[in-house]
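Trainee: I am attaching a structure below and will ask some questions about it afterwards.
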Amino acid sequence: MAKYSYAPLSVDKKDDTTTTTSNNDDFVQERMPMCVGICVLLAIVFVLSKSGSDVTNTIRANTTPTPSPRMISSNANSYATILPATTYNTAATTTTTNNAAYATTPPLPETTAYNTQQYNNNNNNNAAFATHNPIPETTGAAGYATQNPIPEAKTNNNNDVYHPITSPEQPNYMTTTTPDCDCSNTNVNNDADLLAALREKALAATTPHIIECSAATNVNNDADLLAALREKALAATTPHIIECSAAERGESQAACHLPPKERYAALQQKGATLWMTGCSGAGKTTIATSLEERLVKEYGKHVYRLDGDNLRTGLNRDLGFSSADRAESVRRTGELATLFSDAGVITLVGLISPYRADRDAVRQRHLDQGIPFYEVFLDVPVDELKKRDPKGQYAKVESGELKHFTCIDDPYEEPLTPEVTLKTHELTIEQSANILFRTLERDGILIGAPKVSPPGLPNPDGDEIVDLHVPPELQAERRAEAATLPKVLLTDIDLNWLQTIGEGWASPLKGFMREGTLLETLHFNSILVDPFNLTKNAGRLERATNFEVFPDHPPPQRVSMSLPITLSCSSYTKDAIESSSQNNNAVALVTQMGQTVAILRNPEIYANRKEEIVTRMYGVIDPGHPYIQNIYKGGDYLIGGEVELLDRIRYNDGLDPWRKTARELMAEFSAKGADTVYAFQTRNPTHAGHAYLMRSAGEDLRSQGYQKPVLWLSPLGGWTKDDDVPLDVRVRQHEQVLEAGLSHPGGLDPATTVMAIWPAPMVYAGPTEVQFHAKSRRSAGASYFVVGRDPAGMKGSSEAQASPDDDLYDGNHGRYVLQNSPGIGNMQMLSFVKVMYDVTDNVMKVPDEKRPDDFISISGTKMRLLARNGATPCSPTNIPTDLVQANCIPSGFMVPKGWEGVVDYYKHSAETERFIPWSRPILPAPKHERTKTDGGHFGSTSFRLQHLDYPSFWHDVPMKPTFSNPALNEPTMINLITEIPRMVTAKMEVSKERSHNIIAQDTNKDGSPRYYTYGTPFFNYGLIAQTWEDPNVKSRAGHAGDNDPLDVIELGSSVLEMGSVTPCRVLGSLELIDEGETDHKVLCLSVNDVRFGDDVRTVSDLERVYPNTLARLVDWLQRYKTSDGKPENRLDSTTPKSVEDTLRIIDETHQRWRALCGHDGSTLSSLHPSALTFWLDSPNCRG
């Protein structure tokens, strides 16, 4: 059977050729219920036509129905009976149903007799009377109303009109006549007809008049009979209603309606019922009105309030205040609330609803329909209600004027487990409404999307928690796939952005921006999404940009996205992708250290319009801005596409425990019981002023009704400019802040604080960037963001056009723009206030204007100066006004151990490799097992690699391999010493000057580590030992040697380990002209490469097996420096030299090496002057 739903059965209209009445009559006959009270009406006509006089016989039934328990008051034997404000005609008839006989039927008002001549028998059970002819006024019991006038109306505690008892002896008036007729053809023979007649009679009264009656144990009036019939009807089986063909086939009635998920998404809210119950005067209407106003006006939500006032004027107009009528009132209101809420309306019900079973039935109705239901109990002591007494009703109860008043002498059954309890005598109206608002907010009612975050935390933008990590069981498969794909180089900044995307911080992004997404970001600081496909635009961010086709309807939801998150590449990478046999379906993303970390699907390659991006993003002109420089260093193309992270991104710098994904952070907030989260971003050490602001923010949130706001201490983790405090210094200082707890003014409570590193780079774009800072924190669960002066700003460089060496942005603009930015939604901002150090109690706080001399200012500049000077704590009782002169720091300014760490940093800030400035991967060197490392980590300028078997890579490794099998000792074989393994871009090289000619990290002119930026090398790179391109030897074109050993490029498919010595077959060579010097590149193939075997002995052979290799190599050699802003290199010829010519070059450079080491008797003074700087003390040289 299909699930019961509220909608009525649709009835198709059919032509009735036998009907001669008007169109209006047809409409009435089709729509009105069957012959309401037909038997009663026929009896009246018959009696009047026969006798012309009143016959008043009291009909007593053979049986008396037992009153429903709902009709009996649990307090006193009295109840309210509704009497229409009219006189009664005693003419009535006894009606017998199939199951029971009722003692009496209710007398009809004199104005409601029916003319049976208008009955159309052709309509069977659907006929109705067209006209109503009044019967002349009669005597008998009808005179009751004039003899006993109804007293003046008063109101009760539900604002309904009632009439107090004036005489306990008022008689019953249930009299009828006995008709001499056959009712078998009139169908007034069932409960439904009688119920309809009673309902119509009750509704006929303009205003219900309530009479308190002393007897409640017999079915002796209309109200009781109506209640009994109603209860019997409701007890019947739920009707099988079919709304559409899908439901008729046995599916749920939901198949006939718009799915709730789509409805709520379109409305941007969910339906829910807040059932506010409590005694009169508890504040139900007042609080509901306040909440309604806030939700509608401030948040644009669809809300409707239902209470006794607006229900009893229409829907419940026929109900009184007997227990049965109260139950029916609650039932009807519950059904109405269920419909409203099912339609997506937040429904606020304010009814006393005194009986627990009635409320529970409404709750169950909501649960059956999957609709949120909140029982809100306004728990106020009666004494407090009597004091309030806004309508004077409690005073009337005290005086005895008003009887059977709920919570006084009529029962009120308190809820046992309400969702919300409001002690309104202890709360303001605003606080009470706030608690209800927070409840709706916590449970996701105020958003249309399904709640994907824990209670109390907001959904991320796009209403999906983005986590792009490949499941562990699929990682091996994806890695194998990645090995076959074209490679795209990631810089360390790109890796920060990849982490930001993959861990869900930039939701709803699932990859680097495609061109359309980038344009929306640049022009609107936001993007449009359709997560539930309401306008057929779902997944639009993951589709290739199309400038020709536009959707019929724009996506419905705008979310914040202020920063371009793009991946640049060079023409070298672009060509590799477009010429790939993979049909451009995917590429592998590889770090500078050669680590494959992700796959990017369906790449979209488009122009990198750097000037447009910089102009839109920054709004200032400053060529010296560090991140602007980074943008201009990028390749000429951008690659957009969705990413899959092959594993968790780890930096191995000791700080990974503080790196959490957005999903992990939400879980941690939830574990702490957070009902809201506020984020505080740091790029400096945290002092007591910061701690004061963070604690104050938590107190403010608690005053708004939150029970446990949790602070997210969020240090910046991605790239930062060189003069910012390093990441590890900040994190270690924050650890001390948490360890100190509340024992120090600069400490934070670890029970209500979570520290987690934010992974994205800083781009110092002021008002534009701070929008992303806030949005990304919301993606991980924050509803509030603490923002100070000049967020994400910096001073302009000396090249800044408008503000050299001054703030690029006005300090107030960031906060203003953030609060009003598009797509920011309901995220709230908490602003900084100025705090100073109070010398009287050693606490940072808002200064007291009454005692200004007790406060001193400690700016960031002053703090840094004191730290550089190694300032020690001041005396707590004698704090000087000039801290710099005294070189002391107030004891309450920063937790002591935290201050020690800051001092240590500024004392050693010149030692760059001592600290971790930002998140950069620290990986073990991909070295050979017969080598050892010394100095710093791989990629640092202090990295050293030495061979365990050879004192010098350059002088002691044999130039040619020697095989035990003489047949393998070919003249084309050389020993390759690998300096840079395949896919690694860290520029490693054998040092000619350092002891033992170790392999070390090459550096730029500014001393920083040097990396290739043109792309990911597809070859292994190294040297041939015992060779030297002597600068004193000129080529035929007049170019001197480059003063290095011969370079070798190994073109096999395997990654060779750093420091390994590999036999390699020479295939030819290319002559590179690099800044006027000859730099020969010997091309070879490892004899261990099983992919090619012995068939490849020349470059031509390699091209036949692996086409386009030479073209890619030529492109690399000519252009690899252009990504660093340098001119192209030149090749003497793009056609490789033959194997024979290459072997001749190798032999010539070997002879020059022999001269360098004195094997031919040459002295150092006879050689090029640079030879004097070389380390030549190895056993096989001059040692």
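Following the order of the structure tokens, chains are lettered A, B, ..., residues in each are numbered from 1, and ligands are numbered from 1.
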Considering only C-alpha atoms, return as a ChimeraX atom specification whatever protein or nucleic-acid residues lie within 10 Å of Met894 of chain A, sequence-local ones (same chain, fewer than 2 positions apart) excluded.
Mentor: /A:685-691,733,736-737,744-747,844,873,889-892,896-900
Trainee: What does the file look like for those residues with N, CA and C atoms, as a PDB file, in the first residue's frame?
Mentor:
```pdb
ATOM      1  N   PRO A 685      54.179  35.598  16.672  1.00  0.00           N
ATOM      2  CA  PRO A 685      53.987  34.959  17.978  1.00  0.00           C
ATOM      3  C   PRO A 685      52.775  35.554  18.693  1.00  0.00           C
ATOM      4  N   THR A 686      52.133  34.750  19.507  1.00  0.00           N
ATOM      5  CA  THR A 686      50.924  35.163  20.213  1.00  0.00           C
ATOM      6  C   THR A 686      51.281  35.712  21.588  1.00  0.00           C
ATOM      7  N   HIS A 687      50.918  36.957  21.842  1.00  0.00           N
ATOM      8  CA  HIS A 687      51.177  37.540  23.152  1.00  0.00           C
ATOM      9  C   HIS A 687      49.872  37.659  23.938  1.00  0.00           C
ATOM     10  N   ALA A 688      49.973  38.250  25.123  1.00  0.00           N
ATOM     11  CA  ALA A 688      48.818  38.307  26.024  1.00  0.00           C
ATOM     12  C   ALA A 688      47.690  39.156  25.457  1.00  0.00           C
ATOM     13  N   GLY A 689      48.022  40.119  24.611  1.00  0.00           N
ATOM     14  CA  GLY A 689      46.966  40.908  23.974  1.00  0.00           C
ATOM     15  C   GLY A 689      46.120  40.057  23.051  1.00  0.00           C
ATOM     16  N   HIS A 690      46.791  39.192  22.276  1.00  0.00           N
ATOM     17  CA  HIS A 690      46.047  38.267  21.422  1.00  0.00           C
ATOM     18  C   HIS A 690      45.192  37.327  22.278  1.00  0.00           C
ATOM     19  N   ALA A 691      45.805  36.808  23.345  1.00  0.00           N
ATOM     20  CA  ALA A 691      45.079  35.878  24.212  1.00  0.00           C
ATOM     21  C   ALA A 691      43.842  36.546  24.816  1.00  0.00           C
ATOM     22  N   GLN A 733      56.059  28.452  19.718  1.00  0.00           N
ATOM     23  CA  GLN A 733      55.602  29.450  20.689  1.00  0.00           C
ATOM     24  C   GLN A 733      54.151  29.209  21.050  1.00  0.00           C
ATOM     25  N   GLN A 736      53.691  26.574  23.633  1.00  0.00           N
ATOM     26  CA  GLN A 736      53.909  27.055  24.997  1.00  0.00           C
ATOM     27  C   GLN A 736      52.691  27.820  25.522  1.00  0.00           C
ATOM     28  N   VAL A 737      52.016  28.518  24.624  1.00  0.00           N
ATOM     29  CA  VAL A 737      50.798  29.236  25.010  1.00  0.00           C
ATOM     30  C   VAL A 737      49.736  28.250  25.488  1.00  0.00           C
ATOM     31  N   HIS A 744      48.589  31.753  33.012  1.00  0.00           N
ATOM     32  CA  HIS A 744      49.302  32.972  32.615  1.00  0.00           C
ATOM     33  C   HIS A 744      48.369  33.817  31.754  1.00  0.00           C
ATOM     34  N   PRO A 745      48.443  35.153  31.869  1.00  0.00           N
ATOM     35  CA  PRO A 745      47.553  36.003  31.056  1.00  0.00           C
ATOM     36  C   PRO A 745      47.722  35.803  29.558  1.00  0.00           C
ATOM     37  N   GLY A 746      48.880  35.303  29.157  1.00  0.00           N
ATOM     38  CA  GLY A 746      49.113  35.064  27.731  1.00  0.00           C
ATOM     39  C   GLY A 746      48.806  33.657  27.290  1.00  0.00           C
ATOM     40  N   GLY A 747      48.225  32.833  28.180  1.00  0.00           N
ATOM     41  CA  GLY A 747      47.930  31.453  27.844  1.00  0.00           C
ATOM     42  C   GLY A 747      46.509  31.250  27.349  1.00  0.00           C
ATOM     43  N   MET A 844      47.162  42.278  29.834  1.00  0.00           N
ATOM     44  CA  MET A 844      46.781  43.028  28.637  1.00  0.00           C
ATOM     45  C   MET A 844      45.261  43.124  28.602  1.00  0.00           C
ATOM     46  N   PRO A 873      62.677  39.506  31.531  1.00  0.00           N
ATOM     47  CA  PRO A 873      61.460  39.990  32.199  1.00  0.00           C
ATOM     48  C   PRO A 873      61.723  41.157  33.141  1.00  0.00           C
ATOM     49  N   ILE A 889      61.040  43.017  29.313  1.00  0.00           N
ATOM     50  CA  ILE A 889      59.695  42.741  28.802  1.00  0.00           C
ATOM     51  C   ILE A 889      58.793  42.447  29.994  1.00  0.00           C
ATOM     52  N   PRO A 890      57.605  43.060  30.091  1.00  0.00           N
ATOM     53  CA  PRO A 890      56.709  42.773  31.218  1.00  0.00           C
ATOM     54  C   PRO A 890      56.382  41.291  31.311  1.00  0.00           C
ATOM     55  N   SER A 891      56.345  40.780  32.496  1.00  0.00           N
ATOM     56  CA  SER A 891      56.182  39.338  32.711  1.00  0.00           C
ATOM     57  C   SER A 891      54.852  38.811  32.201  1.00  0.00           C
ATOM     58  N   GLY A 892      53.838  39.657  32.147  1.00  0.00           N
ATOM     59  CA  GLY A 892      52.527  39.218  31.685  1.00  0.00           C
ATOM     60  C   GLY A 892      52.311  39.389  30.200  1.00  0.00           C
ATOM     61  N   PRO A 896      56.470  32.781  29.483  1.00  0.00           N
ATOM     62  CA  PRO A 896      57.939  32.857  29.565  1.00  0.00           C
ATOM     63  C   PRO A 896      58.680  31.992  28.549  1.00  0.00           C
ATOM     64  N   LYS A 897      58.302  30.713  28.422  1.00  0.00           N
ATOM     65  CA  LYS A 897      59.010  29.839  27.490  1.00  0.00           C
ATOM     66  C   LYS A 897      58.764  30.257  26.041  1.00  0.00           C
ATOM     67  N   GLY A 898      57.574  30.783  25.789  1.00  0.00           N
ATOM     68  CA  GLY A 898      57.298  31.295  24.455  1.00  0.00           C
ATOM     69  C   GLY A 898      58.191  32.469  24.110  1.00  0.00           C
ATOM     70  N   TRP A 899      58.409  33.362  25.095  1.00  0.00           N
ATOM     71  CA  TRP A 899      59.287  34.517  24.867  1.00  0.00           C
ATOM     72  C   TRP A 899      60.726  34.061  24.616  1.00  0.00           C
ATOM     73  N   GLU A 900      61.170  33.045  25.331  1.00  0.00           N
ATOM     74  CA  GLU A 900      62.523  32.537  25.129  1.00  0.00           C
ATOM     75  C   GLU A 900      62.712  32.053  23.693  1.00  0.00           C
TER      76      GLU A 900
END
```
Trainee: Find the residue from A:Ala544, A:Leu711, A:Ala588, A:Met617 that sits nearest to Ile565 of chain A; use only C-alpha atoms when measuring.
Mentor: A:Met617
Trainee: Taking 2 positions as the minimum chain separation for residues in the same chain, which residues sit within 12 Å of Val420 of chain A when counting only C-alpha atoms? Answer as a ChimeraX atom specification.
Mentor: /A:274-277,373-379,415-418,422-424,432-440
Trainee: Store the residues picked out above, limited to N, CA, C and O atoms, as a compact mmCIF listing (two decimals), in the first residue's frame.
Mentor:
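As written to disk, selection19.txt reads:
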```
# COMPACT_ATOMS: atom_id res chain seq x y z
N LEU A 274 8.87 24.05 15.41
CA LEU A 274 9.20 24.34 16.80
C LEU A 274 7.89 24.45 17.56
O LEU A 274 7.13 25.40 17.36
N TRP A 275 7.61 23.44 18.36
CA TRP A 275 6.34 23.35 19.09
C TRP A 275 6.57 23.92 20.49
O TRP A 275 7.14 23.28 21.35
N MET A 276 6.10 25.16 20.69
CA MET A 276 6.34 25.86 21.94
C MET A 276 5.15 25.64 22.86
O MET A 276 4.04 26.08 22.58
N THR A 277 5.41 24.95 23.96
CA THR A 277 4.36 24.58 24.90
C THR A 277 4.69 25.13 26.28
O THR A 277 5.86 25.22 26.66
N PHE A 373 11.37 17.99 14.37
CA PHE A 373 10.39 18.47 15.33
C PHE A 373 11.11 18.80 16.63
O PHE A 373 11.88 18.01 17.15
N TYR A 374 10.85 19.99 17.13
CA TYR A 374 11.48 20.45 18.37
C TYR A 374 10.38 20.82 19.37
O TYR A 374 9.60 21.74 19.12
N GLU A 375 10.33 20.08 20.45
CA GLU A 375 9.40 20.45 21.53
C GLU A 375 10.14 21.46 22.41
O GLU A 375 11.19 21.15 22.98
N VAL A 376 9.59 22.65 22.50
CA VAL A 376 10.21 23.73 23.26
C VAL A 376 9.35 23.99 24.50
O VAL A 376 8.22 24.47 24.38
N PHE A 377 9.86 23.66 25.64
CA PHE A 377 9.12 23.78 26.89
C PHE A 377 9.50 25.10 27.57
O PHE A 377 10.64 25.31 27.95
N LEU A 378 8.51 25.99 27.71
CA LEU A 378 8.72 27.23 28.43
C LEU A 378 8.41 26.97 29.90
O LEU A 378 7.25 26.96 30.31
N ASP A 379 9.45 26.73 30.63
CA ASP A 379 9.34 26.27 32.01
C ASP A 379 9.41 27.46 32.96
O ASP A 379 10.49 27.95 33.29
N PRO A 415 6.50 18.37 29.46
CA PRO A 415 7.27 17.46 28.60
C PRO A 415 8.31 16.71 29.41
O PRO A 415 8.91 17.27 30.33
N LEU A 416 8.54 15.47 29.06
CA LEU A 416 9.53 14.67 29.77
C LEU A 416 10.93 14.87 29.17
O LEU A 416 11.91 14.95 29.91
N THR A 417 11.01 14.94 27.85
CA THR A 417 12.32 15.10 27.19
C THR A 417 12.22 16.12 26.06
O THR A 417 12.35 15.78 24.89
N PRO A 418 11.96 17.37 26.40
CA PRO A 418 11.88 18.38 25.33
C PRO A 418 13.26 18.62 24.70
O PRO A 418 14.29 18.45 25.35
N LEU A 422 13.24 26.45 27.95
CA LEU A 422 13.51 27.86 28.15
C LEU A 422 12.91 28.30 29.49
O LEU A 422 11.70 28.27 29.67
N LYS A 423 13.75 28.67 30.39
CA LYS A 423 13.29 29.25 31.66
C LYS A 423 13.21 30.76 31.43
O LYS A 423 14.15 31.49 31.74
N THR A 424 12.12 31.17 30.87
CA THR A 424 12.04 32.55 30.40
C THR A 424 12.07 33.57 31.52
O THR A 424 12.30 34.75 31.27
N SER A 432 16.26 34.07 24.79
CA SER A 432 15.42 32.90 24.49
C SER A 432 15.34 32.66 22.99
O SER A 432 15.51 31.52 22.52
N ALA A 433 15.09 33.73 22.24
CA ALA A 433 15.02 33.60 20.78
C ALA A 433 16.37 33.16 20.22
O ALA A 433 16.44 32.38 19.25
N ASN A 434 17.44 33.62 20.85
CA ASN A 434 18.78 33.27 20.39
C ASN A 434 19.06 31.79 20.58
O ASN A 434 19.68 31.14 19.73
N ILE A 435 18.59 31.24 21.68
CA ILE A 435 18.79 29.81 21.92
C ILE A 435 18.09 28.99 20.83
O ILE A 435 18.64 28.02 20.30
N LEU A 436 16.89 29.40 20.48
CA LEU A 436 16.16 28.69 19.42
C LEU A 436 16.85 28.88 18.08
O LEU A 436 16.95 27.94 17.28
N PHE A 437 17.34 30.08 17.84
CA PHE A 437 18.06 30.34 16.58
C PHE A 437 19.30 29.45 16.49
O PHE A 437 19.56 28.84 15.44
N ARG A 438 20.06 29.37 17.57
CA ARG A 438 21.27 28.55 17.57
C ARG A 438 20.94 27.08 17.37
O ARG A 438 21.70 26.34 16.74
N THR A 439 19.82 26.65 17.91
CA THR A 439 19.40 25.26 17.72
C THR A 439 19.14 24.98 16.24
O THR A 439 19.60 23.96 15.70
N LEU A 440 18.43 25.87 15.59
CA LEU A 440 18.17 25.70 14.16
C LEU A 440 19.45 25.77 13.36
O LEU A 440 19.67 25.00 12.41
```
Trainee: I want to know what sits within 9 Å of Thr491 of chain A, based on only C-alpha atoms, with residues of the same chain fewer than 4 positions away left out; could you give that as a ChimeraX atom specification?
Mentor: /A:495-496,590-592,1013
Trainee: So that I can check the secondary structure, give me every residue of segment 502-644 of chain A assigned helix (DSSP H, G or I) by backbone DSSP, as a PyMOL selection string.
Mentor: chain A and resi 502+515-524+540-542+571-578+610-618+626-633
Trainee: From the options A:Asp1141, A:Asp1124, A:Glu298, A:Asp1160, which residue's atoms come nearest to Asn630 of chain A, counting only C-alpha atoms?
Mentor: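 Ranked by minimum distance to Asn630 of chain A, first place goes to A:Asp1124.
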Trainee: Considering only C-alpha atoms, return as a PyMOL selection string whatever protein or nucleic-acid residues lie within 10 Å of segment 530-536 of chain A, sequence-local ones (same chain, fewer than 3 positions apart) excluded.
Mentor: chain A and resi 261-263+265-266+449+461-464+508+539-541+551-558
Trainee: Extract, using only C-alpha atoms, all DNA, RNA and protein residues at most 12 Å from Thr1142 of chain A, discarding same-chain residues fewer than 5 positions from it, and format them as a compact mmCIF listing (two decimals) with C-alpha atoms, in the first residue's frame.
Mentor:
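Now in around_29.txt:
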```txt
# COMPACT_ATOMS: atom_id res chain seq x y z
CA PRO A 971 84.55 1.36 -26.63
CA THR A 972 81.20 3.20 -26.52
CA MET A 973 80.76 2.55 -22.80
CA ILE A 974 81.35 5.21 -20.17
CA LEU A 1046 81.66 16.57 -19.31
CA ASP A 1047 77.88 16.59 -18.75
CA VAL A 1048 75.89 13.46 -19.53
CA ARG A 1065 76.29 3.38 -23.91
CA VAL A 1066 77.10 6.59 -25.77
CA LEU A 1067 74.53 7.53 -28.45
CA GLY A 1068 75.88 10.90 -29.53
CA SER A 1069 76.12 14.45 -28.17
CA LEU A 1070 74.85 18.00 -28.52
CA GLU A 1071 77.00 21.11 -28.26
CA HIS A 1080 78.98 19.46 -24.44
CA LYS A 1081 76.03 17.21 -23.51
CA VAL A 1082 76.86 13.56 -24.02
CA LEU A 1083 73.74 11.44 -24.71
CA CYS A 1084 73.73 7.88 -23.47
CA THR A 1098 72.37 5.84 -31.72
CA PRO A 1136 73.40 15.30 -32.51
CA LYS A 1137 77.02 14.53 -33.20
CA ASP A 1147 88.98 11.46 -25.11
CA GLU A 1148 90.08 15.11 -25.60
CA THR A 1149 88.49 16.22 -22.30
```
Trainee: How many Å lie between atom CA of Lys795 of chain A and atom CA of Asp653 of chain A, rounded to one decimal?
Mentor: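 Going from atom CA of Lys795 of chain A over to atom CA of Asp653 of chain A covers 29.6 Å.
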Trainee: May I ask for the distance between atom CA of Asp1074 of chain A and atom CA of Gly1015 of chain A, given in Å to one decimal place?
Mentor: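 Going from atom CA of Asp1074 of chain A over to atom CA of Gly1015 of chain A, I get 18.9 Å.
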Trainee: Show me, as an NGL selection string, the residues that have an atom within 10 Å of Pro958 of chain A when counting only C-alpha atoms, minus same-chain residues fewer than 2 positions from it.
Mentor: :A and (950 or 953-956 or 960-962 or 974-976 or 1024-1026 or 1061 or 1180)
Trainee: Among segment 466-650 of chain A, which residues does DSSP mark as strand (DSSP E) when it is run on the backbone? Keep the chain and numbering as in the structure and answer as JSON, numbers by chain.
Mentor: {"A": [487, 488, 489, 511, 512, 526, 527, 528, 529, 557, 558, 559, 560, 568, 569, 586, 587, 588, 589, 590, 596, 597, 598, 599, 600, 601, 602, 603, 604, 605, 606, 607, 637, 638, 639, 640, 641, 642, 643, 644, 645]}
